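start33.cif (mmCIF, C-alpha atoms) appears below.
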data_my_file
loop_
_atom_site.label_atom_id
_atom_site.label_comp_id
_atom_site.auth_asym_id
_atom_site.auth_seq_id
_atom_site.Cartn_x
_atom_site.Cartn_y
_atom_site.Cartn_z
CA MET A 1057 13.93 13.37 22.52
CA SER A 1058 13.44 9.65 22.81
CA TYR A 1059 10.11 9.89 20.97
CA LEU A 1060 11.80 11.14 17.81
CA PRO A 1061 11.43 7.89 15.78
CA TYR A 1062 7.70 7.77 16.51
CA LEU A 1063 7.39 11.42 15.51
CA LEU A 1064 9.22 10.57 12.30
CA ALA A 1065 6.59 7.92 11.55
CA VAL A 1066 3.76 10.41 12.18
CA TRP A 1067 5.51 13.05 10.06
CA ILE A 1068 6.07 10.72 7.10
CA PHE A 1069 2.46 9.53 7.24
CA LEU A 1070 1.08 13.07 7.20
CA VAL A 1071 3.49 14.22 4.51
CA GLY A 1072 2.44 11.31 2.33
CA LEU A 1073 -1.24 12.11 2.86
CA PHE A 1074 -0.60 15.73 1.97
CA GLY A 1075 1.05 14.61 -1.25
CA ILE A 1076 -1.91 12.40 -2.13
CA VAL A 1077 -4.42 15.19 -1.58
CA ARG A 1078 -2.42 17.76 -3.53
CA SER A 1079 -1.43 15.46 -6.36
CA ARG A 1080 -1.97 16.32 -10.03
CA ASN A 1081 -0.70 13.18 -11.63
CA PHE A 1082 -1.48 9.54 -10.96
CA ILE A 1083 2.14 8.45 -10.93
CA HIS A 1084 2.97 11.11 -8.34
CA LEU A 1085 0.00 9.81 -6.34
CA VAL A 1086 1.32 6.25 -6.36
CA VAL A 1087 4.73 7.41 -5.14
CA CYS A 1088 3.15 9.38 -2.31
CA LEU A 1089 1.09 6.33 -1.35
CA SER A 1090 4.32 4.38 -1.18
CA VAL A 1091 5.82 7.02 1.12
CA THR A 1092 2.79 6.76 3.39
CA GLN A 1093 3.18 3.01 3.52
CA SER A 1094 6.81 3.29 4.53
CA SER A 1095 5.84 5.17 7.67
CA THR A 1096 4.39 1.94 9.04
CA TYR A 1097 7.75 0.21 8.58
CA VAL A 1098 9.48 2.97 10.55
CA LEU A 1099 6.93 2.72 13.36
CA LEU A 1100 7.13 -1.08 13.59
CA LEU A 1101 10.91 -1.19 13.70
CA SER A 1102 11.17 1.67 16.19
CA ILE A 1103 8.82 -0.13 18.55
CA GLY A 1104 10.91 -3.27 18.50
CA TYR A 1105 14.24 -1.64 19.28
CA VAL A 1106 15.95 -2.71 22.50
CA LYS A 1107 18.61 -0.36 23.89
CA GLY A 1108 22.03 -1.94 23.68
CA GLY A 1109 20.68 -4.85 21.67
CA THR A 1110 22.33 -6.35 18.64
CA ALA A 1111 20.83 -7.76 15.46
CA PRO A 1112 18.88 -11.02 15.97
CA ILE A 1113 21.41 -13.10 14.02
CA PHE A 1114 23.33 -15.53 16.20
CA LYS A 1115 26.04 -16.81 13.89
CA ASP A 1116 29.08 -15.35 15.68
CA VAL A 1117 27.25 -14.17 18.75
CA LYS A 1118 26.24 -16.48 21.56
CA PRO A 1119 22.49 -17.10 21.65
CA GLY A 1120 21.26 -15.35 24.73
CA THR A 1121 22.89 -11.97 24.22
CA LYS A 1122 20.53 -9.03 24.21
CA ALA A 1123 19.00 -8.65 20.75
CA VAL A 1124 16.27 -6.52 19.24
CA ASP A 1125 12.86 -7.93 18.61
CA PRO A 1126 12.77 -10.20 15.53
CA VAL A 1127 9.00 -10.51 15.13
CA VAL A 1128 8.46 -6.95 13.86
CA GLN A 1129 11.38 -7.39 11.47
CA ALA A 1130 9.76 -10.49 10.03
CA LEU A 1131 6.51 -8.60 9.49
CA THR A 1132 8.24 -5.69 7.75
CA LEU A 1133 10.51 -7.78 5.55
CA THR A 1134 7.83 -9.51 3.52
CA ASP A 1135 5.71 -6.40 3.37
CA ILE A 1136 8.38 -4.33 1.63
CA VAL A 1137 8.74 -6.73 -1.29
CA VAL A 1138 5.02 -7.23 -1.71
CA SER A 1139 4.21 -3.52 -1.63
CA VAL A 1140 6.18 -2.98 -4.83
CA THR A 1141 3.95 -5.37 -6.73
CA VAL A 1142 0.87 -3.61 -5.40
CA ALA A 1143 2.36 -0.29 -6.54
CA ALA A 1144 2.93 -1.85 -9.98
CA LEU A 1145 -0.73 -2.86 -10.07
CA LEU A 1146 -1.76 0.72 -9.32
CA LEU A 1147 0.59 2.04 -12.00
CA SER A 1148 -0.90 -0.30 -14.58
CA LEU A 1149 -4.35 0.97 -13.59
CA ALA A 1150 -3.07 4.50 -14.17
CA ILE A 1151 -1.74 3.52 -17.60
CA LEU A 1152 -5.07 2.01 -18.58
CA GLY A 1153 -6.80 5.12 -17.31
CA LYS A 1154 -4.65 7.16 -19.64
CA HIS A 1155 -5.62 4.92 -22.57
CA HIS A 1156 -9.32 5.29 -21.96
CA ALA A 1157 -9.70 8.79 -20.58
CA GLY A 1158 -6.69 10.46 -22.16
CA THR A 1159 -5.46 12.15 -19.00
CA MET A 1160 -3.36 11.37 -15.94
CA ASP A 1161 -4.82 14.12 -13.83
CA PRO A 1162 -7.12 12.96 -11.01
CA GLU A 1163 -8.98 16.25 -11.05
CA GLU A 1164 -10.00 15.99 -14.69
CA LEU A 1165 -11.54 12.57 -14.44
CA HIS A 1166 -15.27 12.76 -13.95
CA PRO A 1167 -17.14 10.05 -12.10
CA MET A 1168 -19.06 7.58 -14.18
CA GLN A 1169 -22.58 8.56 -14.98
CA GLY A 1170 -25.58 6.79 -16.35
CA MET B 304 -15.71 21.39 -4.21
CA THR B 305 -12.80 23.40 -5.48
CA ARG B 306 -9.20 22.63 -4.83
CA ARG B 307 -8.71 25.35 -2.21
CA ILE B 308 -11.65 24.21 -0.14
CA ARG B 309 -10.42 20.66 -0.35
CA LEU B 310 -6.94 21.62 0.82
CA THR B 311 -8.32 23.68 3.68
CA VAL B 312 -10.51 20.81 4.86
CA PHE B 313 -7.50 18.54 4.63
CA GLY B 314 -5.41 20.99 6.65
CA VAL B 315 -7.91 21.07 9.48
CA ALA B 316 -8.37 17.31 9.46
CA ALA B 317 -4.62 16.70 9.32
CA ALA B 318 -4.04 18.93 12.35
CA GLY B 319 -6.61 16.98 14.35
CA PHE B 320 -5.24 13.66 13.12
CA ALA B 321 -1.68 14.69 13.96
CA ALA B 322 -2.72 15.64 17.49
CA LEU B 323 -4.43 12.28 17.89
CA LEU B 324 -1.41 10.34 16.59
CA ILE B 325 1.05 12.23 18.77
CA TRP B 326 -1.14 11.65 21.82
CA GLY B 327 -1.17 7.97 20.87
CA THR B 328 2.59 7.70 20.52
CA LEU B 329 3.09 9.18 23.97
CA GLY B 330 1.55 6.01 25.35
CA ILE B 331 4.03 3.70 23.65
CA PRO B 332 6.92 2.56 25.89
CA ASP B 333 10.09 4.62 25.56
CA PHE B 334 12.28 4.10 22.53
CA GLY B 335 14.53 1.19 23.42
CA HIS B 336 12.46 -0.36 26.19
CA TYR B 337 10.30 -2.81 24.32
CA ARG B 338 8.33 -5.00 26.71
CA GLY B 339 7.19 -7.79 24.41
CA ARG B 340 7.91 -11.35 25.43
CA TYR B 341 7.33 -13.32 22.21
CA GLY B 342 10.41 -11.94 20.47
CA GLN B 343 12.69 -12.50 23.46
CA ILE B 344 11.53 -16.10 23.81
CA LEU B 345 12.15 -16.73 20.11
CA ASN B 346 15.60 -15.16 20.28
CA HIS B 347 16.59 -17.57 23.02
CA ALA B 348 14.90 -20.64 21.56
CA ALA B 349 15.23 -20.45 17.78
CA VAL B 350 18.83 -21.61 17.54
CA LYS B 351 18.26 -24.65 19.71
CA GLU B 352 14.83 -25.61 18.44
CA ARG B 353 15.08 -25.03 14.73
CA GLN B 354 18.87 -24.97 14.25
CA THR B 355 18.75 -21.69 12.35
CA THR B 356 21.04 -18.82 13.30
CA ASN B 357 18.89 -16.20 11.58
CA THR B 358 15.93 -15.74 13.87
CA VAL B 359 14.07 -13.45 11.47
CA THR B 360 14.09 -16.05 8.66
CA ALA B 361 13.02 -18.72 11.15
CA ILE B 362 10.04 -16.57 12.06
CA VAL B 363 9.19 -15.77 8.44
CA PHE B 364 9.30 -19.33 7.16
CA ASP B 365 8.78 -21.46 10.23
CA TYR B 366 7.09 -19.93 13.25
CA ARG B 367 4.85 -17.65 11.20
CA GLY B 368 4.91 -19.48 7.88
CA LEU B 369 1.17 -19.11 7.48
CA ASP B 370 1.45 -15.32 7.33
CA THR B 371 4.17 -15.59 4.69
CA MET B 372 1.88 -17.80 2.66
CA GLY B 373 -0.73 -15.05 2.79
CA GLU B 374 1.84 -12.51 1.62
CA GLU B 375 2.82 -14.75 -1.27
CA PHE B 376 -0.80 -14.91 -2.29
CA ILE B 377 -0.91 -11.10 -2.30
CA LEU B 378 2.16 -11.10 -4.55
CA PHE B 379 0.59 -13.67 -6.85
CA ALA B 380 -2.71 -11.83 -7.02
CA SER B 381 -1.10 -8.46 -7.81
CA VAL B 382 1.04 -9.91 -10.57
CA THR B 383 -1.97 -11.71 -12.01
CA GLY B 384 -3.84 -8.43 -11.89
CA VAL B 385 -1.09 -6.63 -13.79
CA ALA B 386 -1.00 -9.41 -16.38
CA LEU B 387 -4.78 -9.32 -16.77
CA LEU B 388 -4.85 -5.55 -17.19
CA LEU B 389 -1.96 -5.16 -19.58
CA ARG B 390 -2.06 -8.30 -21.70
CA GLU B 391 -4.44 -7.10 -24.37
CA GLN B 392 -4.23 -7.92 -28.05
CA ARG B 393 -0.51 -7.67 -28.40
CA LYS B 394 0.51 -10.15 -31.02
CA ASP B 395 3.57 -9.44 -33.14
CA VAL B 396 4.49 -6.16 -31.57
CA PRO B 397 7.64 -4.82 -33.24
CA ARG B 398 10.20 -4.08 -30.61
CA PRO B 399 11.84 -0.64 -30.72
CA ARG B 400 15.41 -0.53 -31.92
CA ASP B 401 17.11 0.25 -28.65
CA GLU B 402 20.38 -1.65 -28.68
CA VAL B 403 22.98 -0.09 -26.47
CA ARG B 404 25.87 0.93 -28.69
CA ASN B 405 28.37 2.12 -26.12
CA GLU B 406 31.05 -0.55 -25.74
CA ALA B 407 31.86 0.29 -22.14
CA VAL B 408 28.26 -0.12 -20.99
CA ARG B 409 27.90 -3.42 -22.82
CA ALA B 410 31.16 -4.73 -21.39
CA ILE B 411 30.33 -3.79 -17.81
CA GLY B 412 26.83 -5.19 -18.13
CA ILE B 413 28.04 -8.51 -19.48
CA CYS B 414 30.69 -8.80 -16.79
CA LEU B 415 28.16 -8.03 -14.07
CA VAL B 416 25.62 -10.67 -15.07
CA PRO B 417 27.43 -13.72 -13.60
CA ALA B 418 28.44 -11.73 -10.51
CA VAL B 419 24.87 -10.68 -9.79
CA LEU B 420 23.60 -14.19 -10.49
CA THR B 421 26.05 -15.66 -7.99
CA LEU B 422 25.17 -13.00 -5.43
CA GLY B 423 21.46 -13.71 -5.84
CA LEU B 424 21.85 -17.45 -5.49
CA TRP B 425 24.12 -16.95 -2.47
CA VAL B 426 21.66 -14.64 -0.73
CA VAL B 427 18.77 -17.08 -1.27
CA ALA B 428 20.75 -20.14 -0.17
CA HIS B 429 22.10 -18.58 3.03
CA GLY B 430 18.74 -17.36 4.24
CA ALA B 431 18.76 -19.46 7.36
CA ILE B 432 22.29 -18.50 8.40
CA THR B 433 22.94 -14.83 7.61
CA PRO B 434 20.67 -11.94 6.64
CA GLY B 435 19.01 -12.92 3.40
CA GLY B 436 16.36 -15.31 2.27
CA GLY B 437 13.96 -15.91 -0.55
CA PHE B 438 12.53 -12.40 -0.75
CA GLN B 439 15.74 -10.44 -1.01
CA GLY B 440 17.56 -12.99 -3.14
CA GLY B 441 14.61 -13.26 -5.51
CA VAL B 442 14.76 -9.57 -6.37
CA ILE B 443 18.53 -9.77 -6.90
CA LEU B 444 18.02 -12.71 -9.25
CA SER B 445 15.50 -10.70 -11.23
CA ALA B 446 18.17 -7.99 -11.59
CA THR B 447 20.31 -10.51 -13.47
CA PHE B 448 17.84 -10.55 -16.32
CA LEU B 449 17.25 -6.84 -16.05
CA LEU B 450 20.95 -6.19 -16.71
CA VAL B 451 20.52 -7.94 -20.05
CA TRP B 452 17.94 -5.34 -21.05
CA LEU B 453 19.87 -2.42 -19.60
CA ALA B 454 23.20 -3.25 -21.19
CA GLY B 455 21.90 -5.00 -24.27
CA SER B 456 18.62 -4.72 -26.08
CA LEU B 457 14.99 -5.49 -25.46
CA ARG B 458 14.95 -8.34 -27.99
CA THR B 459 17.61 -10.24 -26.06
CA TYR B 460 15.70 -9.77 -22.83
CA VAL B 461 12.47 -11.03 -24.35
CA ARG B 462 14.22 -14.04 -25.83
CA LEU B 463 15.78 -14.87 -22.45
CA THR B 464 12.51 -14.76 -20.52
CA PRO B 465 9.76 -16.47 -22.52
CA THR B 466 6.45 -15.83 -20.86
CA PRO B 467 5.17 -19.42 -20.53
CA TYR B 468 8.26 -20.49 -18.58
CA VAL B 469 8.16 -17.46 -16.30
CA ASP B 470 4.48 -18.09 -15.57
CA LEU B 471 5.27 -21.70 -14.82
CA THR B 472 8.09 -20.76 -12.45
CA GLU B 473 5.88 -18.39 -10.53
CA GLY B 474 3.15 -20.98 -10.18
CA THR B 475 5.70 -23.53 -9.02
CA GLY B 476 7.03 -21.15 -6.42
CA VAL B 477 3.71 -20.21 -4.87
CA GLY B 478 2.25 -23.68 -5.28
CA GLY B 479 5.33 -25.31 -3.82
CA PHE B 480 4.77 -23.44 -0.60
CA VAL B 481 1.19 -24.69 -0.34
CA VAL B 482 2.10 -28.24 -1.39
CA THR B 483 4.76 -28.47 1.33
CA GLY B 484 2.07 -27.63 3.85
CA LEU B 485 -0.40 -30.05 2.34
CA ILE B 486 2.08 -32.92 2.39
CA ALA B 487 2.41 -32.38 6.12
CA LEU B 488 -1.39 -32.54 6.38
CA LEU B 489 -1.48 -35.78 4.41
CA ILE B 490 0.91 -37.57 6.76
CA GLY B 491 -1.15 -36.59 9.75
CA MET B 492 0.77 -33.56 11.05
CA PRO B 493 -0.40 -29.94 11.27
CA PHE B 494 -0.23 -27.77 8.15
CA LEU B 495 3.36 -26.67 7.32
CA HIS B 496 4.89 -28.96 9.93
CA ASN B 497 8.59 -29.58 9.36
CA LEU B 498 9.24 -32.44 6.95
CA LEU B 499 13.01 -32.72 6.81
CA PRO B 500 15.40 -33.26 9.74
CA TYR B 501 16.69 -30.15 11.45
CA GLY B 502 20.39 -30.60 10.80
CA LEU B 503 23.08 -28.50 12.43
CA ALA B 504 22.92 -24.75 12.89
CA GLY B 505 25.19 -22.99 10.44
CA LYS B 506 24.94 -25.52 7.66
CA LEU B 507 23.11 -24.78 4.45
CA SER B 508 20.48 -27.45 4.85
CA SER B 509 19.36 -26.70 8.38
CA GLY B 510 15.95 -25.86 9.68
CA GLY B 511 13.51 -28.59 8.70
CA SER B 512 11.48 -27.67 5.65
CA LEU B 513 12.87 -24.12 5.68
CA PRO B 514 15.17 -24.67 2.64
CA ILE B 515 12.24 -25.90 0.56
CA LEU B 516 10.06 -22.92 1.48
CA ASN B 517 13.00 -20.56 1.04
CA TRP B 518 13.77 -21.68 -2.50
CA ALA B 519 10.09 -21.78 -3.42
CA THR B 520 9.74 -18.18 -2.28
CA GLY B 521 12.90 -17.20 -4.17
CA LEU B 522 11.54 -18.70 -7.38
CA ALA B 523 8.15 -17.07 -6.90
CA VAL B 524 9.56 -13.60 -6.22
CA THR B 525 12.01 -13.79 -9.14
CA ALA B 526 9.35 -14.86 -11.59
CA ALA B 527 6.86 -12.29 -10.27
CA PHE B 528 9.26 -9.41 -10.84
CA LEU B 529 10.31 -10.73 -14.24
CA LEU B 530 6.65 -10.84 -15.21
CA LEU B 531 6.16 -7.27 -14.02
CA TYR B 532 9.12 -6.01 -16.03
CA SER B 533 8.00 -7.93 -19.13
CA GLU B 534 4.46 -6.57 -18.95
CA PHE B 535 5.58 -2.99 -18.58
CA LEU B 536 8.22 -3.22 -21.31
CA GLU B 537 5.84 -4.89 -23.76
CA GLU B 538 3.27 -2.20 -23.04
CA ARG B 539 5.85 0.44 -23.85
CA SER B 540 6.75 -1.29 -27.13
CA PHE B 541 3.06 -1.48 -27.96
CA VAL B 542 2.53 2.21 -27.31
CA ILE B 543 5.60 3.24 -29.30
CA ALA B 544 4.60 0.99 -32.21
CA GLY B 545 1.05 2.32 -32.12
CA LYS B 546 2.29 5.89 -32.43
CA HIS B 547 4.39 5.22 -35.47
CA LYS B 548 1.62 3.63 -37.46
CA MET C 527 20.01 9.05 21.51
CA ASN C 528 23.14 9.69 19.56
CA VAL C 529 23.79 12.45 17.13
CA ILE C 530 23.78 9.93 14.30
CA TYR C 531 20.25 8.74 15.12
CA VAL C 532 18.96 12.30 15.09
CA PHE C 533 20.80 13.01 11.85
CA SER C 534 19.38 10.00 10.05
CA ILE C 535 15.87 10.74 11.30
CA VAL C 536 16.07 14.34 10.08
CA LEU C 537 17.48 13.17 6.74
CA ALA C 538 14.63 10.69 6.23
CA GLY C 539 12.03 13.32 7.10
CA ALA C 540 13.55 15.83 4.71
CA ALA C 541 13.75 13.27 1.92
CA ALA C 542 10.06 12.36 2.38
CA LEU C 543 9.11 16.03 2.12
CA ALA C 544 11.24 16.41 -1.01
CA VAL C 545 9.58 13.42 -2.67
CA VAL C 546 6.12 14.81 -2.05
CA LEU C 547 6.84 18.33 -3.21
CA THR C 548 8.41 17.44 -6.56
CA THR C 549 6.30 17.65 -9.69
CA ASP C 550 8.65 16.55 -12.46
CA LEU C 551 8.19 12.82 -12.97
CA LEU C 552 11.71 11.59 -13.64
CA ARG C 553 13.00 13.55 -10.69
CA ILE C 554 10.45 11.94 -8.48
CA ALA C 555 11.71 8.49 -9.50
CA MET C 556 15.24 9.40 -8.46
CA LEU C 557 14.11 11.08 -5.25
CA ALA C 558 12.01 8.06 -4.30
CA SER C 559 15.09 5.89 -4.67
CA PHE C 560 17.11 8.33 -2.54
CA TYR C 561 14.39 8.35 0.13
CA THR C 562 14.61 4.56 0.19
CA LEU C 563 18.34 4.82 0.80
CA THR C 564 17.85 7.16 3.77
CA LEU C 565 15.42 4.63 5.20
CA VAL C 566 18.04 1.91 4.73
CA ILE C 567 20.47 3.90 6.87
CA PHE C 568 17.82 4.31 9.55
CA PHE C 569 16.96 0.61 9.52
CA LEU C 570 20.63 -0.31 9.90
CA LEU C 571 20.90 1.95 12.91
CA LEU C 572 17.93 0.11 14.40
CA GLN C 573 19.88 -3.16 14.12
CA ALA C 574 17.69 -4.72 11.41
CA PRO C 575 19.96 -6.05 8.63
CA ASP C 576 17.31 -8.24 6.98
CA VAL C 577 14.87 -5.39 6.60
CA ALA C 578 17.61 -3.04 5.42
CA LEU C 579 18.70 -5.54 2.78
CA SER C 580 15.12 -5.98 1.61
CA GLU C 581 14.49 -2.24 1.37
CA LEU C 582 17.81 -1.64 -0.38
CA VAL C 583 17.20 -4.30 -2.99
CA VAL C 584 13.66 -3.19 -3.67
CA GLY C 585 14.45 0.51 -3.76
CA THR C 586 17.37 0.11 -6.11
CA ILE C 587 16.19 -2.58 -8.52
CA ALA C 588 12.47 -3.20 -8.59
CA TYR C 589 10.81 0.08 -7.72
CA PRO C 590 12.75 2.51 -9.97
CA VAL C 591 12.44 0.22 -12.99
CA VAL C 592 8.68 -0.10 -12.63
CA LEU C 593 8.31 3.66 -12.07
CA VAL C 594 10.57 4.75 -14.92
CA VAL C 595 8.95 2.42 -17.45
CA ALA C 596 5.51 3.69 -16.41
CA ILE C 597 6.75 7.27 -16.86
CA LEU C 598 8.12 6.40 -20.31
CA ILE C 599 4.79 4.88 -21.31
CA ASP C 600 3.08 8.04 -20.12
CA ARG C 601 5.44 10.19 -22.15
CA ALA C 602 5.22 8.12 -25.30
CA GLU C 603 1.52 8.70 -25.71
#

Go ahead and render the structure in this file as C-alpha cells.
Amino acid sequence: MSYLPYLLAVWIFLVGLFGIVRSRNFIHLVVCLSVTQSSTYVLLLSIGYVKGGTAPIFKDVKPGTKAVDPVVQALTLTDIVVSVTVAALLLSLAILGKHHAGTMDPEELHPMQG
Amino acid sequence: MTRRIRLTVFGVAAAGFAALLIWGTLGIPDFGHYRGRYGQILNHAAVKERQTTNTVTAIVFDYRGLDTMGEEFILFASVTGVALLLREQRKDVPRPRDEVRNEAVRAIGICLVPAVLTLGLWVVAHGAITPGGGFQGGVILSATFLLVWLAGSLRTYVRLTPTPYVDLTEGTGVGGFVVTGLIALLIGMPFLHNLLPYGLAGKLSSGGSLPILNWATGLAVTAAFLLLYSEFLEERSFVIAGKHK
Amino acid sequence: MNVIYVFSIVLAGAAALAVVLTTDLLRIAMLASFYTLTLVIFFLLLQAPDVALSELVVGTIAYPVVLVVAILIDRAE
C-alpha cells in the first residue's frame, strides 16, 4: 500500500502513452503528451516525501523541524511553467500542419517523399 | 501497418514496460522514508546562510540558479519558436467584432483586474518569504491582461500589449538573469555570486541577489505568456478574416 | 497511508484516464484543467505548496487559454 504513489506515476505514464498511440487528432495528442509529462512530477514529489514532515517554508516554524525534501520541489516548480510553453510550440506546429496539409489527423499525413 | 496491428504491438510493449517500471519502483525506498542528504542540509542551513525562509525559492534562484537559467532559456526558445512559426504576413488584420455585451461580465472583469494585478505583484515580491516567486507570480500577472480580453474585446487587449514592448520586456527578463551573473564574473567572483547584502530573514529584500533574479524571472514569464496569447489570438483573427474574404 | 491519500491518488488516476479517452476537443480542454486540479490536491497532500501553486496557476490560466484558442483556430478553418 505504501507504493501507491509510485504506481500512480507508472499508471499515468502508461495511460498517456496509450492516448498518444491511439490519438486521431493533433491537439488530443498534445494533451496526452502533457499528461505523460505530469507523471514525472508525481514521481519526483512522491520520492521526496518525508513521513511526518511539514512544508519546507520556515516562516512560522522553527528551522530544524522535520520537513520534506525541497530539492525535488525546486526541480518540479520551474518545469511545470516551462512545459506549457513547449506545449504551445507543439500546438502552433499542429496549426501550421493544418494550413499546409489540410488535416489534423496523424494517420492521414504521409511522410515526405522525393 | 494498420491501426490494429499498431495497437496490438503497443499493448505487448506496454505490458513489458509496465512490468519493468513496477520492478524498478520496488527498489525505491518506502514512501515517506527519503534518504537523501542534500535536501536535509539545505533545510537546516538555508535560513541562516541566505536569510530566506522559503527554502524552495532559495534553491531555485540561489543554490541551483544555473539550472533555472537553463529553464529560462527553454522558455525563451519556445516562445521565439512560436513567434517564428506564427508571425507570417499579417499586416492590417481586421479584428473580429467580439466585444462582450453582457454588463455583469464586463463589470466583474473590470473589478477583478486591479485585484489580480495586486495578487500577482504580491506573489512575485514575496517569493523569498512565503510560497511564490517569479514563475507563479508571472503567470498571474499575465492573467491581468487576459481578463481585459475575456471581459472586454480583442482590440482593447491588443492596444494594451503592443508587441515591441512585450518583446523588450521578455528580453530584459531573460537577459537580466544572465547579466546579474556576468556582473559577478566581472568583479572577480564566481558566476551568479550574490551581489547585494543578505538582509534579515522575513523582509522583502532578503537573500542577496535573489530579489533581482526573482523580478527578472517574473518579467520574463509574464512577457512570454503575453506573447503566446497574442500570437494565438492574432492567428485566430487572421484565419477568421481569411474565411470571410 | 490515510484514506485521503488513497482517495486523491484514485481521483488523479481516474481523471488521467478520462482525459485520454475523450475525443471531443472542447471537453478535453475542460477535463485537462480538472485533471490539473486533482494533481494540485495531491501535491498539497505531499506538503509542496510552491509546486501546488505553480500547477494551479498554470492549469487554470495559461494552459486552457492556449488549448481553447488552438481549438477555435482549428474549428474556424

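Minimum distance to Cys1088 of chain A across A:Leu1064, A:Met1057, A:Val1106, A:Ala1143 (counting all atoms listed in the file) occurs at A:Ala1143.
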
Would you give me, as a PDB file with C-alpha atoms, keeping the file's coordinate frame, the residues of chain A that come within 8 Å of chain B, using all atoms listed in the file?
ATOM      1  CA  SER A1058      13.440   9.650  22.810  1.00  0.00           C
ATOM      2  CA  TYR A1059      10.110   9.890  20.970  1.00  0.00           C
ATOM      3  CA  PRO A1061      11.430   7.890  15.780  1.00  0.00           C
ATOM      4  CA  TYR A1062       7.700   7.770  16.510  1.00  0.00           C
ATOM      5  CA  LEU A1063       7.390  11.420  15.510  1.00  0.00           C
ATOM      6  CA  VAL A1066       3.760  10.410  12.180  1.00  0.00           C
ATOM      7  CA  LEU A1070       1.080  13.070   7.200  1.00  0.00           C
ATOM      8  CA  PHE A1074      -0.600  15.730   1.970  1.00  0.00           C
ATOM      9  CA  VAL A1077      -4.420  15.190  -1.580  1.00  0.00           C
ATOM     10  CA  ARG A1078      -2.420  17.760  -3.530  1.00  0.00           C
ATOM     11  CA  SER A1102      11.170   1.670  16.190  1.00  0.00           C
ATOM     12  CA  ILE A1103       8.820  -0.130  18.550  1.00  0.00           C
ATOM     13  CA  GLY A1104      10.910  -3.270  18.500  1.00  0.00           C
ATOM     14  CA  TYR A1105      14.240  -1.640  19.280  1.00  0.00           C
ATOM     15  CA  VAL A1106      15.950  -2.710  22.500  1.00  0.00           C
ATOM     16  CA  LYS A1107      18.610  -0.360  23.890  1.00  0.00           C
ATOM     17  CA  PRO A1112      18.880 -11.020  15.970  1.00  0.00           C
ATOM     18  CA  ILE A1113      21.410 -13.100  14.020  1.00  0.00           C
ATOM     19  CA  PHE A1114      23.330 -15.530  16.200  1.00  0.00           C
ATOM     20  CA  LYS A1115      26.040 -16.810  13.890  1.00  0.00           C
ATOM     21  CA  PRO A1119      22.490 -17.100  21.650  1.00  0.00           C
ATOM     22  CA  GLY A1120      21.260 -15.350  24.730  1.00  0.00           C
ATOM     23  CA  ALA A1123      19.000  -8.650  20.750  1.00  0.00           C
ATOM     24  CA  ASP A1125      12.860  -7.930  18.610  1.00  0.00           C
ATOM     25  CA  PRO A1126      12.770 -10.200  15.530  1.00  0.00           C
ATOM     26  CA  VAL A1127       9.000 -10.510  15.130  1.00  0.00           C
ATOM     27  CA  GLN A1129      11.380  -7.390  11.470  1.00  0.00           C
ATOM     28  CA  ALA A1130       9.760 -10.490  10.030  1.00  0.00           C
ATOM     29  CA  LEU A1131       6.510  -8.600   9.490  1.00  0.00           C
ATOM     30  CA  THR A1134       7.830  -9.510   3.520  1.00  0.00           C
ATOM     31  CA  ASP A1135       5.710  -6.400   3.370  1.00  0.00           C
ATOM     32  CA  VAL A1137       8.740  -6.730  -1.290  1.00  0.00           C
ATOM     33  CA  VAL A1138       5.020  -7.230  -1.710  1.00  0.00           C
ATOM     34  CA  THR A1141       3.950  -5.370  -6.730  1.00  0.00           C
ATOM     35  CA  VAL A1142       0.870  -3.610  -5.400  1.00  0.00           C
ATOM     36  CA  ALA A1144       2.930  -1.850  -9.980  1.00  0.00           C
ATOM     37  CA  LEU A1145      -0.730  -2.860 -10.070  1.00  0.00           C
ATOM     38  CA  SER A1148      -0.900  -0.300 -14.580  1.00  0.00           C
ATOM     39  CA  LEU A1149      -4.350   0.970 -13.590  1.00  0.00           C
ATOM     40  CA  LEU A1152      -5.070   2.010 -18.580  1.00  0.00           C
TER      41      LEU A1152
END

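Once the PyMOL selection byres ((chain C and resi 527-531) around 8) is applied to the depicted file, the selected set reads Met1057 and Ser1058 of chain A; Val532, Phe533, Ser534, Ile535, Phe568 and Leu571 of chain C.
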
What residues in chain C have any atom no more than 7 Å from chain A when counting all atoms listed in the file, and can you write them as a short mmCIF file (atom, residue, chain, number, x, y, z; two decimals) with C-alpha atoms, keeping the file's coordinate frame?
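See iface-v8.cif below for the written result:
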data_model
loop_
_atom_site.label_atom_id
_atom_site.label_comp_id
_atom_site.auth_asym_id
_atom_site.auth_seq_id
_atom_site.Cartn_x
_atom_site.Cartn_y
_atom_site.Cartn_z
CA MET C 527 20.01 9.05 21.51
CA ILE C 535 15.87 10.74 11.30
CA GLY C 539 12.03 13.32 7.10
CA ALA C 542 10.06 12.36 2.38
CA LEU C 543 9.11 16.03 2.12
CA VAL C 546 6.12 14.81 -2.05
CA LEU C 572 17.93 0.11 14.40
CA GLN C 573 19.88 -3.16 14.12
CA ALA C 574 17.69 -4.72 11.41
CA ASP C 576 17.31 -8.24 6.98
CA VAL C 577 14.87 -5.39 6.60
CA SER C 580 15.12 -5.98 1.61
CA GLU C 581 14.49 -2.24 1.37
CA VAL C 584 13.66 -3.19 -3.67
CA TYR C 589 10.81 0.08 -7.72
CA VAL C 592 8.68 -0.10 -12.63
CA ALA C 596 5.51 3.69 -16.41
#

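Polymer residues near (0.9, 8.7, -26.6): counting only C-alpha atoms with a cut-off of 9 Å, they are His1155 and Gly1158 of chain A; Val542, Ile543, Gly545 and Lys546 of chain B; Ile599, Asp600, Arg601, Ala602 and Glu603 of chain C.
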
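Our summary of the geometry notes that atom CA of Met556 of chain C is positioned 27.3 Å from atom CA of Thr421 of chain B.
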
(message) When you count only C-alpha atoms, which of these residues is closest to Ile587 of chain C: B:Ser540, B:Thr525, B:Ser456, B:Ser508?
(response) B:Thr525
